[in-house]
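Text of final39.cif (mmCIF, C-alpha atoms) as supplied:
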```cif
data_query
#
loop_
_atom_site.label_atom_id
_atom_site.label_comp_id
_atom_site.auth_asym_id
_atom_site.auth_seq_id
_atom_site.Cartn_x
_atom_site.Cartn_y
_atom_site.Cartn_z
CA MET R 1 129.25 223.35 62.47
CA VAL R 2 131.30 222.10 59.53
CA GLU R 3 129.08 219.99 57.22
CA GLY R 4 129.61 216.27 57.83
CA ILE R 5 131.71 216.81 61.00
CA PHE R 6 130.24 216.27 64.46
CA LEU R 7 132.02 217.92 67.35
CA THR R 8 132.82 216.12 70.60
CA ILE R 9 132.31 217.55 74.05
CA TYR R 10 136.01 218.53 74.06
CA ASP R 11 135.69 220.37 70.74
CA ILE R 12 132.72 222.34 72.02
CA ALA R 13 134.59 223.14 75.26
CA LYS R 14 137.52 224.51 73.21
CA VAL R 15 135.26 226.70 71.05
CA ALA R 16 133.35 227.98 74.10
CA GLY R 17 136.55 228.60 76.08
CA VAL R 18 135.35 226.49 79.01
CA SER R 19 136.20 223.11 80.51
CA ALA R 20 134.75 219.82 79.23
CA SER R 21 133.11 219.32 82.63
CA THR R 22 131.24 222.63 82.19
CA VAL R 23 129.94 221.47 78.80
CA SER R 24 128.91 218.17 80.39
CA ARG R 25 126.98 219.98 83.13
CA VAL R 26 125.12 222.05 80.53
CA ALA R 27 124.41 219.06 78.29
CA ASN R 28 122.99 217.12 81.23
CA ASN R 29 121.13 220.11 82.71
CA LYS R 30 123.21 220.11 85.89
CA PRO R 31 123.64 223.15 88.20
CA GLY R 32 126.90 225.04 88.80
CA VAL R 33 127.13 227.04 85.55
CA ASN R 34 126.38 230.76 85.35
CA ALA R 35 123.57 231.89 83.07
CA LYS R 36 125.76 233.59 80.44
CA THR R 37 128.08 230.62 80.07
CA ARG R 38 125.16 228.19 80.03
CA GLN R 39 123.49 230.14 77.21
CA LYS R 40 126.70 230.22 75.18
CA VAL R 41 127.39 226.50 75.59
CA GLN R 42 123.75 225.54 74.98
CA GLN R 43 123.79 227.50 71.72
CA LEU R 44 126.90 225.62 70.57
CA LEU R 45 125.36 222.28 71.55
CA GLU R 46 122.25 223.03 69.52
CA GLN R 47 124.17 224.33 66.50
CA ASN R 48 126.25 221.14 66.42
CA HIS R 49 123.34 218.77 67.11
CA TYR R 50 125.26 217.36 70.05
CA VAL R 51 123.91 214.07 71.43
CA PRO R 52 125.32 212.72 74.76
CA ASN R 53 127.22 209.46 74.35
CA ASP R 54 125.37 206.94 76.55
CA ALA R 55 128.20 204.41 76.34
CA ALA R 56 130.74 206.94 77.59
CA ARG R 57 128.36 208.10 80.27
CA GLY R 58 128.02 204.51 81.38
CA LEU R 59 131.78 204.27 81.90
CA VAL R 60 131.58 207.19 84.30
CA THR R 61 128.45 206.14 86.16
CA SER R 62 129.15 202.36 86.05
CA SER R 63 125.60 201.98 84.73
CA SER R 64 125.03 200.96 81.12
CA HIS R 65 121.29 200.21 81.50
CA LEU R 66 122.01 197.47 78.99
CA VAL R 67 120.68 193.91 79.25
CA GLY R 68 121.92 191.02 77.11
CA ILE R 69 119.40 188.45 75.87
CA LEU R 70 120.68 185.15 74.52
CA ILE R 71 118.68 182.91 72.15
CA ALA R 72 120.10 179.57 71.03
CA ASP R 73 118.37 179.77 67.64
CA ILE R 74 116.61 182.95 66.48
CA ARG R 75 114.54 180.82 64.09
CA THR R 76 112.67 179.52 67.17
CA GLN R 77 109.54 181.65 67.05
CA HIS R 78 108.58 180.97 70.67
CA HIS R 79 111.87 182.24 72.08
CA VAL R 80 112.03 185.26 69.76
CA GLU R 81 108.54 186.23 70.85
CA GLY R 82 109.56 185.84 74.49
CA ALA R 83 112.64 188.02 73.93
CA TYR R 84 110.38 190.68 72.41
CA TYR R 85 108.14 190.69 75.49
CA ILE R 86 111.15 191.02 77.80
CA ALA R 87 112.87 193.74 75.75
CA ASN R 88 109.62 195.68 75.38
CA GLU R 89 108.94 195.61 79.12
CA LEU R 90 112.55 196.54 79.94
CA GLU R 91 112.31 199.56 77.66
CA LYS R 92 109.32 200.79 79.66
CA LEU R 93 111.57 200.57 82.72
CA GLU R 94 114.35 202.51 80.90
CA TYR R 95 116.61 199.54 80.26
CA TYR R 96 117.68 198.47 76.78
CA SER R 97 118.55 195.14 75.24
CA ILE R 98 120.97 193.51 72.87
CA ILE R 99 119.95 190.11 71.50
CA LEU R 100 122.51 187.50 70.45
CA ASN R 101 122.00 184.26 68.55
CA THR R 102 124.30 181.80 70.33
CA GLY R 103 123.98 178.61 68.29
CA ASN R 104 123.41 175.24 69.87
CA SER R 105 126.88 174.24 71.07
CA ASP R 106 128.08 174.84 74.62
CA GLU R 107 131.23 176.47 73.23
CA ALA R 108 129.16 179.00 71.28
CA ARG R 109 126.98 179.75 74.29
CA ALA R 110 130.03 180.34 76.47
CA ALA R 111 131.49 182.65 73.81
CA SER R 112 128.24 184.66 73.79
CA LEU R 113 128.39 185.05 77.57
CA ARG R 114 131.94 186.35 77.13
CA ILE R 115 130.64 188.91 74.62
CA LEU R 116 128.09 190.11 77.16
CA GLU R 117 130.89 190.58 79.69
CA ARG R 118 132.83 192.69 77.18
CA ARG R 119 129.77 194.77 76.40
CA LYS R 120 129.44 195.57 80.12
CA VAL R 121 125.80 194.52 80.36
CA GLU R 122 124.16 195.02 83.74
CA ALA R 123 122.16 191.78 83.51
CA ALA R 124 121.58 188.84 81.19
CA VAL R 125 118.58 186.75 80.15
CA LEU R 126 118.91 183.21 78.78
CA MET R 127 115.93 182.11 76.72
CA GLY R 128 114.99 178.52 77.45
CA SER R 129 116.12 175.43 79.27
CA VAL R 130 118.68 174.65 76.53
CA PHE R 131 121.02 176.90 78.54
CA GLN R 132 120.65 174.71 81.61
CA THR R 133 124.02 172.95 81.17
CA ASP R 134 127.22 172.54 83.16
CA ALA R 135 129.20 174.39 80.48
CA VAL R 136 126.90 177.42 80.66
CA ALA R 137 127.08 177.34 84.47
CA SER R 138 130.87 177.38 84.25
CA ALA R 139 130.80 180.31 81.80
CA ILE R 140 128.46 182.28 84.05
CA ARG R 141 130.85 181.76 86.98
CA GLN R 142 133.76 182.87 84.81
CA TYR R 143 132.26 185.85 82.98
CA LEU R 144 129.06 187.06 84.64
CA SER R 145 129.37 186.20 88.33
CA GLY R 146 128.88 189.84 89.33
CA ILE R 147 125.54 190.49 87.63
CA PRO R 148 122.05 188.92 87.79
CA VAL R 149 121.35 186.26 85.16
CA PHE R 150 117.74 185.30 84.47
CA MET R 151 116.55 182.13 82.75
CA LEU R 152 113.25 181.64 80.98
CA ASN R 153 111.84 178.24 81.93
CA GLY R 154 115.15 177.05 83.30
CA PHE R 155 117.41 177.34 86.34
CA ILE R 156 121.05 176.91 87.30
CA ASN R 157 121.92 176.69 90.97
CA LEU R 158 124.24 179.69 91.27
CA PRO R 159 123.87 182.65 93.67
CA ASN R 160 123.33 185.18 90.87
CA VAL R 161 121.00 183.08 88.69
CA TYR R 162 117.22 183.45 88.77
CA GLY R 163 114.65 181.26 87.06
CA VAL R 164 111.09 181.97 85.95
CA LEU R 165 109.60 178.59 85.15
CA THR R 166 106.22 177.19 84.12
CA ASP R 167 104.79 173.94 85.45
CA GLU R 168 104.67 172.15 82.10
CA CYS R 169 104.77 168.74 83.75
CA THR R 170 101.41 169.25 85.44
CA GLY R 171 100.14 171.03 82.34
CA VAL R 172 100.78 168.05 80.06
CA GLU R 173 99.23 165.75 82.64
CA GLU R 174 96.11 167.90 82.40
CA CYS R 175 96.22 167.63 78.59
CA VAL R 176 96.07 163.84 78.91
CA ALA R 177 93.11 164.19 81.27
CA LEU R 178 91.34 166.49 78.80
CA LEU R 179 91.66 163.94 75.98
CA ALA R 180 90.46 161.20 78.32
CA ARG R 181 87.37 163.27 79.15
CA LYS R 182 86.77 163.54 75.42
CA LYS R 183 86.63 159.70 75.33
CA ARG R 184 90.06 159.34 73.71
CA LYS R 185 91.49 155.97 74.72
CA ASN R 186 94.55 155.59 72.48
CA ILE R 187 96.78 158.60 73.06
CA ALA R 188 100.25 159.16 71.58
CA PHE R 189 102.89 161.71 72.52
CA MET R 190 105.50 163.33 70.26
CA VAL R 191 108.43 164.99 72.02
CA ASP R 192 111.28 166.95 70.44
CA SER R 193 114.99 166.69 71.26
CA PRO R 194 115.85 166.27 74.97
CA THR R 195 116.05 169.45 77.04
CA PRO R 196 115.07 169.94 80.68
CA SER R 197 111.79 171.45 79.44
CA SER R 198 110.93 168.68 76.98
CA MET R 199 111.75 166.04 79.60
CA LEU R 200 109.30 167.66 82.02
CA LYS R 201 106.65 167.57 79.30
CA LEU R 202 107.41 163.89 78.77
CA GLN R 203 107.14 163.21 82.50
CA GLY R 204 103.77 164.94 82.54
CA PHE R 205 102.55 162.64 79.76
CA VAL R 206 103.81 159.56 81.62
CA ASN R 207 102.10 160.73 84.82
CA GLY R 208 98.85 161.32 82.98
CA MET R 209 98.88 157.95 81.26
CA GLU R 210 99.67 156.14 84.51
CA LYS R 211 96.55 157.71 86.02
CA LEU R 212 94.66 156.06 83.14
CA GLY R 213 96.26 152.71 83.99
CA ILE R 214 98.87 152.72 81.21
CA SER R 215 102.54 152.34 82.17
CA GLU R 216 105.39 154.23 80.55
CA LYS R 217 106.55 151.06 78.80
CA LYS R 218 103.17 150.62 77.15
CA ALA R 219 102.59 154.29 76.36
CA TRP R 220 102.95 155.43 72.74
CA ILE R 221 105.88 157.83 73.04
CA TYR R 222 107.76 159.11 69.99
CA ARG R 223 111.02 160.75 70.98
CA ASP R 224 113.50 163.09 69.24
CA VAL R 225 110.89 164.39 66.82
CA GLU R 226 112.32 167.22 64.74
CA GLY R 227 110.76 170.47 65.93
CA THR R 228 109.33 171.38 62.52
CA VAL R 229 106.19 170.86 60.44
CA GLU R 230 108.01 168.09 58.57
CA GLY R 231 109.04 166.45 61.83
CA GLY R 232 105.42 166.33 62.97
CA TYR R 233 104.25 165.11 59.56
CA GLN R 234 106.67 162.18 59.37
CA SER R 235 106.15 161.13 62.99
CA MET R 236 102.36 161.18 62.57
CA LYS R 237 102.68 158.93 59.52
CA LYS R 238 104.75 156.53 61.63
CA ILE R 239 102.16 156.57 64.44
CA LEU R 240 99.39 155.76 61.97
CA GLN R 241 101.40 152.83 60.60
CA GLU R 242 102.26 151.41 64.01
CA HIS R 243 99.09 152.35 65.91
CA PRO R 244 96.20 152.88 63.48
CA ALA R 245 93.75 152.99 66.40
CA VAL R 246 95.25 156.26 67.69
CA ASP R 247 92.52 158.76 68.57
CA GLY R 248 94.44 161.39 70.53
CA VAL R 249 97.84 163.05 70.08
CA ILE R 250 99.81 165.51 72.23
CA CYS R 251 102.84 167.25 70.71
CA SER R 252 105.59 168.98 72.68
CA LEU R 253 105.51 171.96 70.28
CA ASP R 254 102.68 173.60 68.36
CA ILE R 255 104.70 173.50 65.15
CA ILE R 256 104.99 169.71 65.43
CA ALA R 257 101.23 169.46 65.93
CA CYS R 258 100.64 171.48 62.75
CA GLY R 259 102.66 168.94 60.77
CA ALA R 260 100.85 166.05 62.45
CA MET R 261 97.45 167.48 61.50
CA ARG R 262 98.56 167.84 57.90
CA ALA R 263 99.53 164.16 57.85
CA LEU R 264 96.10 163.23 59.21
CA TRP R 265 94.43 165.41 56.56
CA ASP R 266 96.40 163.70 53.80
CA GLN R 267 95.24 160.34 55.11
CA GLY R 268 91.60 161.47 55.14
CA ILE R 269 91.44 161.41 58.95
CA ARG R 270 89.38 164.21 60.43
CA VAL R 271 90.44 166.35 63.40
CA PRO R 272 88.83 166.35 65.93
CA ASP R 273 86.12 163.88 64.80
CA GLN R 274 88.53 160.93 64.63
CA VAL R 275 91.69 162.21 66.32
CA GLY R 276 91.98 164.91 68.98
CA MET R 277 95.16 167.04 68.79
CA ILE R 278 96.90 169.20 71.42
CA GLY R 279 100.08 171.25 71.04
CA ILE R 280 102.24 173.09 73.55
CA ASP R 281 103.30 176.79 73.56
CA ASN R 282 100.00 178.50 72.60
CA SER R 283 101.94 180.14 69.79
CA VAL R 284 100.70 181.90 66.67
CA TYR R 285 100.77 178.51 64.91
CA ALA R 286 97.84 177.40 67.07
CA ASP R 287 95.69 180.18 65.66
CA ILE R 288 96.65 180.00 61.99
CA CYS R 289 96.40 176.24 61.38
CA THR R 290 93.18 174.49 60.33
CA PRO R 291 91.43 173.44 62.47
CA ARG R 292 92.65 175.87 65.10
CA LEU R 293 94.84 174.01 67.56
CA THR R 294 94.11 173.40 71.23
CA SER R 295 97.36 174.25 73.01
CA LEU R 296 98.94 174.34 76.46
CA ASP R 297 99.74 177.97 77.24
CA ASN R 298 103.08 178.03 79.04
CA MET R 299 102.58 181.68 79.94
CA LEU R 300 105.24 183.24 77.71
CA LEU R 301 103.94 186.80 78.04
CA ASP R 302 103.60 186.53 81.82
CA SER R 303 107.05 184.99 82.10
CA GLY R 304 108.63 187.77 80.06
CA ILE R 305 107.02 190.55 82.08
CA THR R 306 107.94 188.78 85.33
CA ILE R 307 111.59 188.46 84.25
CA ALA R 308 111.80 192.14 83.27
CA HIS R 309 110.43 193.38 86.60
CA LYS R 310 112.43 190.95 88.75
CA LEU R 311 115.58 191.86 86.82
CA VAL R 312 115.13 195.59 87.44
CA ASN R 313 114.37 194.86 91.10
CA CYS R 314 117.72 193.07 91.35
CA LEU R 315 119.56 195.97 89.73
CA LYS R 316 117.94 198.38 92.16
CA GLY R 317 119.00 196.26 95.13
CA ARG R 318 115.57 194.91 96.00
CA THR R 319 115.17 191.35 97.26
CA THR R 320 113.59 188.86 94.85
CA SER R 321 113.17 185.10 94.93
CA GLN R 322 115.55 182.99 92.85
CA LYS R 323 112.80 180.72 91.54
CA THR R 324 109.33 181.70 90.39
CA MET R 325 106.84 179.10 89.15
CA LEU R 326 103.93 180.00 86.89
CA PHE R 327 101.06 177.64 86.18
CA THR R 328 99.98 176.66 82.69
CA ASN R 329 96.54 176.88 81.14
CA ILE R 330 94.98 174.81 78.33
CA VAL R 331 93.51 177.02 75.61
CA GLU R 332 90.83 174.93 73.94
CA ARG R 333 90.21 175.49 70.25
CA GLU R 334 88.81 173.38 67.43
CA SER R 335 91.24 170.44 67.41
CA THR R 336 89.77 168.77 70.51
#
```
Once you've parsed the file, please lay out its structure as structure tokens.
Amino acid sequence: MVEGIFLTIYDIAKVAGVSASTVSRVANNKPGVNAKTRQKVQQLLEQNHYVPNDAARGLVTSSSHLVGILIADIRTQHHVEGAYYIANELEKLEYYSIILNTGNSDEARAASLRILERRKVEAAVLMGSVFQTDAVASAIRQYLSGIPVFMLNGFINLPNVYGVLTDECTGVEECVALLARKKRKNIAFMVDSPTPSSMLKLQGFVNGMEKLGISEKKAWIYRDVEGTVEGGYQSMKKILQEHPAVDGVICSLDIIACGAMRALWDQGIRVPDQVGMIGIDNSVYADICTPRLTSLDNMLLDSGITIAHKLVNCLKGRTTSQKTMLFTNIVEREST
């Protein structure tokens, strides 16, 4: 081998005086090559540190074993963690992933789906209900109609789309019931920007409050809260100004709840002695804040593993249901 130059399969075939197909059979340990020729070619392959080109092999076999994972915003810890679970499980099943940050516009999401088409992925995964839009549905029909597309906690009614969802509506309703059992009578709800998922969380809060005899119009609902610590902090300050008797708070994201607890701390209000606090996601934030946050576990790990296995089942031609519903679980910690 010439230093710094890596030979292709055709170069090795020329040096060995055999066809490229013979080199390919040796490189892939296929039969049909006599022992002397195999030894000669194998020696050349080893001397030149030859590595088979998986992309080229995919063109021949029509199998890339590549899965595209789309995340609207890679700063969203919950979705990045979910993508990790999916990619990790897929690797165990001998499939590999590329992850793209799409941005939050429908145009950008459609462009990312087009990229996946060009990369010849065998399947796609869309992280979160933010992809549950008409524009994304149209892009799937245009670019990815021939492959399975999986959605985490979302669904689009197309023949090749599959959804693994969690019952967050019932889960939030149970959060309201938990606070009520803790003798909390004045409960507020903070919800981030509207998505199909956040609207289901909101509906769960409304359902729970109605069971306590409080209508949606009279419920303390704070909408479009920025999904950050600062968003939770500022909204909690507003709740305290408008409803100083508040003694229970549910936040649509753990990160919002962390900000809300900081605002209570700054006002000298103790959690959980004076105000009970519940977040949603059961993320790392729930464990690192003080006090540790009670949170609704929307089964991110289970969802990721389920998606990976159902996706591979689809690629192998096995029948799988288009919708799978997982049930949430409240993880109680110190904040309630």
Is there a way to get, as a PDB file with C-alpha atoms, in the coordinates of the input, all residues within 12 Å of the point (103.4, 167.4, 76.5) in file coordinates, counting only C-alpha atoms?
```pdb
ATOM      1  CA  ASP R 167     104.790 173.940  85.450  1.00  0.00           C
ATOM      2  CA  GLU R 168     104.670 172.150  82.100  1.00  0.00           C
ATOM      3  CA  CYS R 169     104.770 168.740  83.750  1.00  0.00           C
ATOM      4  CA  THR R 170     101.410 169.250  85.440  1.00  0.00           C
ATOM      5  CA  GLY R 171     100.140 171.030  82.340  1.00  0.00           C
ATOM      6  CA  VAL R 172     100.780 168.050  80.060  1.00  0.00           C
ATOM      7  CA  GLU R 173      99.230 165.750  82.640  1.00  0.00           C
ATOM      8  CA  GLU R 174      96.110 167.900  82.400  1.00  0.00           C
ATOM      9  CA  CYS R 175      96.220 167.630  78.590  1.00  0.00           C
ATOM     10  CA  VAL R 176      96.070 163.840  78.910  1.00  0.00           C
ATOM     11  CA  ALA R 177      93.110 164.190  81.270  1.00  0.00           C
ATOM     12  CA  ILE R 187      96.780 158.600  73.060  1.00  0.00           C
ATOM     13  CA  ALA R 188     100.250 159.160  71.580  1.00  0.00           C
ATOM     14  CA  PHE R 189     102.890 161.710  72.520  1.00  0.00           C
ATOM     15  CA  MET R 190     105.500 163.330  70.260  1.00  0.00           C
ATOM     16  CA  VAL R 191     108.430 164.990  72.020  1.00  0.00           C
ATOM     17  CA  ASP R 192     111.280 166.950  70.440  1.00  0.00           C
ATOM     18  CA  SER R 197     111.790 171.450  79.440  1.00  0.00           C
ATOM     19  CA  SER R 198     110.930 168.680  76.980  1.00  0.00           C
ATOM     20  CA  MET R 199     111.750 166.040  79.600  1.00  0.00           C
ATOM     21  CA  LEU R 200     109.300 167.660  82.020  1.00  0.00           C
ATOM     22  CA  LYS R 201     106.650 167.570  79.300  1.00  0.00           C
ATOM     23  CA  LEU R 202     107.410 163.890  78.770  1.00  0.00           C
ATOM     24  CA  GLN R 203     107.140 163.210  82.500  1.00  0.00           C
ATOM     25  CA  GLY R 204     103.770 164.940  82.540  1.00  0.00           C
ATOM     26  CA  PHE R 205     102.550 162.640  79.760  1.00  0.00           C
ATOM     27  CA  VAL R 206     103.810 159.560  81.620  1.00  0.00           C
ATOM     28  CA  ASN R 207     102.100 160.730  84.820  1.00  0.00           C
ATOM     29  CA  GLY R 208      98.850 161.320  82.980  1.00  0.00           C
ATOM     30  CA  MET R 209      98.880 157.950  81.260  1.00  0.00           C
ATOM     31  CA  ILE R 221     105.880 157.830  73.040  1.00  0.00           C
ATOM     32  CA  TYR R 222     107.760 159.110  69.990  1.00  0.00           C
ATOM     33  CA  ARG R 223     111.020 160.750  70.980  1.00  0.00           C
ATOM     34  CA  VAL R 249      97.840 163.050  70.080  1.00  0.00           C
ATOM     35  CA  ILE R 250      99.810 165.510  72.230  1.00  0.00           C
ATOM     36  CA  CYS R 251     102.840 167.250  70.710  1.00  0.00           C
ATOM     37  CA  SER R 252     105.590 168.980  72.680  1.00  0.00           C
ATOM     38  CA  LEU R 253     105.510 171.960  70.280  1.00  0.00           C
ATOM     39  CA  ASP R 254     102.680 173.600  68.360  1.00  0.00           C
ATOM     40  CA  ILE R 256     104.990 169.710  65.430  1.00  0.00           C
ATOM     41  CA  ALA R 257     101.230 169.460  65.930  1.00  0.00           C
ATOM     42  CA  MET R 277      95.160 167.040  68.790  1.00  0.00           C
ATOM     43  CA  ILE R 278      96.900 169.200  71.420  1.00  0.00           C
ATOM     44  CA  GLY R 279     100.080 171.250  71.040  1.00  0.00           C
ATOM     45  CA  ILE R 280     102.240 173.090  73.550  1.00  0.00           C
ATOM     46  CA  ASP R 281     103.300 176.790  73.560  1.00  0.00           C
ATOM     47  CA  SER R 295      97.360 174.250  73.010  1.00  0.00           C
ATOM     48  CA  LEU R 296      98.940 174.340  76.460  1.00  0.00           C
ATOM     49  CA  ASP R 297      99.740 177.970  77.240  1.00  0.00           C
ATOM     50  CA  ASN R 298     103.080 178.030  79.040  1.00  0.00           C
ATOM     51  CA  THR R 328      99.980 176.660  82.690  1.00  0.00           C
ATOM     52  CA  ILE R 330      94.980 174.810  78.330  1.00  0.00           C
TER      53      ILE R 330
END
```
Counting all atoms listed in the file, the option among R:Ser283, R:Ser303, R:Gln234, R:Asn29 closest to Met127 (chain R):
R:Ser303
Give me the result of the PyMOL selection byres ((chain R and resi 333) around 9) on this file, residue by residue, as a PyMOL selection string.
chain R and resi 286-287+291-295+331-332+334-336
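When the PyMOL selection byres ((chain R and resi 65-74) around 6) is run on the displayed coordinates, the residues it returns are R:Ser63, R:Ser64, R:Arg75, R:Thr76, R:Tyr95, R:Tyr96, R:Ser97, R:Ile98, R:Ile99, R:Leu100, R:Asn101, R:Thr102, R:Gly103, R:Asn104, R:Val121, R:Glu122, R:Ala123, R:Ala124, R:Val125, R:Leu126, R:Met127.
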State, in Å with one decimal place, the distance from CA of Gln322 (chain R) to CA of Asn157 (chain R).
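Distance between the two atoms: 9.2 Å.
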Hey, can you check how far CA of Ala137 (chain R) sits from CA of Ser105 (chain R)?
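If I compute the distance from CA of Ala137 (chain R) to CA of Ser105 (chain R), I get 13.8 Å.
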Could you check how far CA of Ala13 (chain R) sits from CA of Leu45 (chain R), in Å to one decimal?
10.0 Å
Is there a way to complete region 17-25 of chain R with all heavy atoms and then write that out as a PDB file, keeping the file's coordinate frame?
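out-v1.pdb, freshly written:
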```
ATOM      1  N   GLY R  17     135.575 228.076  75.134  1.00  0.00           N
ATOM      2  CA  GLY R  17     136.550 228.600  76.080  1.00  0.00           C
ATOM      3  C   GLY R  17     136.256 228.198  77.500  1.00  0.00           C
ATOM      4  O   GLY R  17     136.539 228.947  78.443  1.00  0.00           O
ATOM      5  N   VAL R  18     135.669 226.999  77.677  1.00  0.00           N
ATOM      6  CA  VAL R  18     135.350 226.490  79.010  1.00  0.00           C
ATOM      7  C   VAL R  18     135.882 225.065  79.124  1.00  0.00           C
ATOM      8  O   VAL R  18     136.413 224.491  78.169  1.00  0.00           O
ATOM      9  CB  VAL R  18     133.822 226.502  79.266  1.00  0.00           C
ATOM     10  CG1 VAL R  18     133.276 227.922  79.195  1.00  0.00           C
ATOM     11  CG2 VAL R  18     133.105 225.602  78.270  1.00  0.00           C
ATOM     12  N   SER R  19     135.734 224.479  80.304  1.00  0.00           N
ATOM     13  CA  SER R  19     136.200 223.110  80.510  1.00  0.00           C
ATOM     14  C   SER R  19     135.174 222.106  79.956  1.00  0.00           C
ATOM     15  O   SER R  19     133.983 222.427  79.799  1.00  0.00           O
ATOM     16  CB  SER R  19     136.427 222.830  81.989  1.00  0.00           C
ATOM     17  OG  SER R  19     135.183 222.843  82.672  1.00  0.00           O
ATOM     18  N   ALA R  20     135.648 220.878  79.690  1.00  0.00           N
ATOM     19  CA  ALA R  20     134.750 219.820  79.230  1.00  0.00           C
ATOM     20  C   ALA R  20     133.698 219.505  80.282  1.00  0.00           C
ATOM     21  O   ALA R  20     132.550 219.183  79.965  1.00  0.00           O
ATOM     22  CB  ALA R  20     135.548 218.562  78.881  1.00  0.00           C
ATOM     23  N   SER R  21     134.067 219.603  81.566  1.00  0.00           N
ATOM     24  CA  SER R  21     133.110 219.320  82.630  1.00  0.00           C
ATOM     25  C   SER R  21     131.972 220.349  82.637  1.00  0.00           C
ATOM     26  O   SER R  21     130.820 220.026  82.944  1.00  0.00           O
ATOM     27  CB  SER R  21     133.808 219.295  83.991  1.00  0.00           C
ATOM     28  OG  SER R  21     134.395 220.553  84.273  1.00  0.00           O
ATOM     29  N   THR R  22     132.289 221.603  82.275  1.00  0.00           N
ATOM     30  CA  THR R  22     131.240 222.630  82.190  1.00  0.00           C
ATOM     31  C   THR R  22     130.270 222.287  81.063  1.00  0.00           C
ATOM     32  O   THR R  22     129.047 222.393  81.225  1.00  0.00           O
ATOM     33  CB  THR R  22     131.862 224.009  81.942  1.00  0.00           C
ATOM     34  OG1 THR R  22     132.681 224.364  83.057  1.00  0.00           O
ATOM     35  CG2 THR R  22     130.784 225.075  81.752  1.00  0.00           C
ATOM     36  N   VAL R  23     130.803 221.869  79.913  1.00  0.00           N
ATOM     37  CA  VAL R  23     129.940 221.470  78.800  1.00  0.00           C
ATOM     38  C   VAL R  23     129.068 220.290  79.212  1.00  0.00           C
ATOM     39  O   VAL R  23     127.876 220.236  78.897  1.00  0.00           O
ATOM     40  CB  VAL R  23     130.780 221.113  77.554  1.00  0.00           C
ATOM     41  CG1 VAL R  23     129.868 220.624  76.420  1.00  0.00           C
ATOM     42  CG2 VAL R  23     131.595 222.313  77.093  1.00  0.00           C
ATOM     43  N   SER R  24     129.664 219.336  79.938  1.00  0.00           N
ATOM     44  CA  SER R  24     128.910 218.170  80.390  1.00  0.00           C
ATOM     45  C   SER R  24     127.770 218.574  81.308  1.00  0.00           C
ATOM     46  O   SER R  24     126.646 218.045  81.197  1.00  0.00           O
ATOM     47  CB  SER R  24     129.845 217.192  81.112  1.00  0.00           C
ATOM     48  OG  SER R  24     129.121 216.087  81.612  1.00  0.00           O
ATOM     49  N   ARG R  25     128.028 219.535  82.216  1.00  0.00           N
ATOM     50  CA  ARG R  25     126.980 219.980  83.130  1.00  0.00           C
ATOM     51  C   ARG R  25     125.831 220.640  82.359  1.00  0.00           C
ATOM     52  O   ARG R  25     124.655 220.426  82.680  1.00  0.00           O
ATOM     53  CB  ARG R  25     127.550 220.938  84.174  1.00  0.00           C
ATOM     54  CG  ARG R  25     128.374 220.255  85.260  1.00  0.00           C
ATOM     55  CD  ARG R  25     128.591 221.173  86.452  1.00  0.00           C
ATOM     56  NE  ARG R  25     129.463 222.285  86.116  1.00  0.00           N
ATOM     57  CZ  ARG R  25     130.789 222.252  86.207  1.00  0.00           C
ATOM     58  NH1 ARG R  25     131.385 221.135  86.623  1.00  0.00           N
ATOM     59  NH2 ARG R  25     131.516 223.301  85.893  1.00  0.00           N
TER      60      ARG R  25
END
```
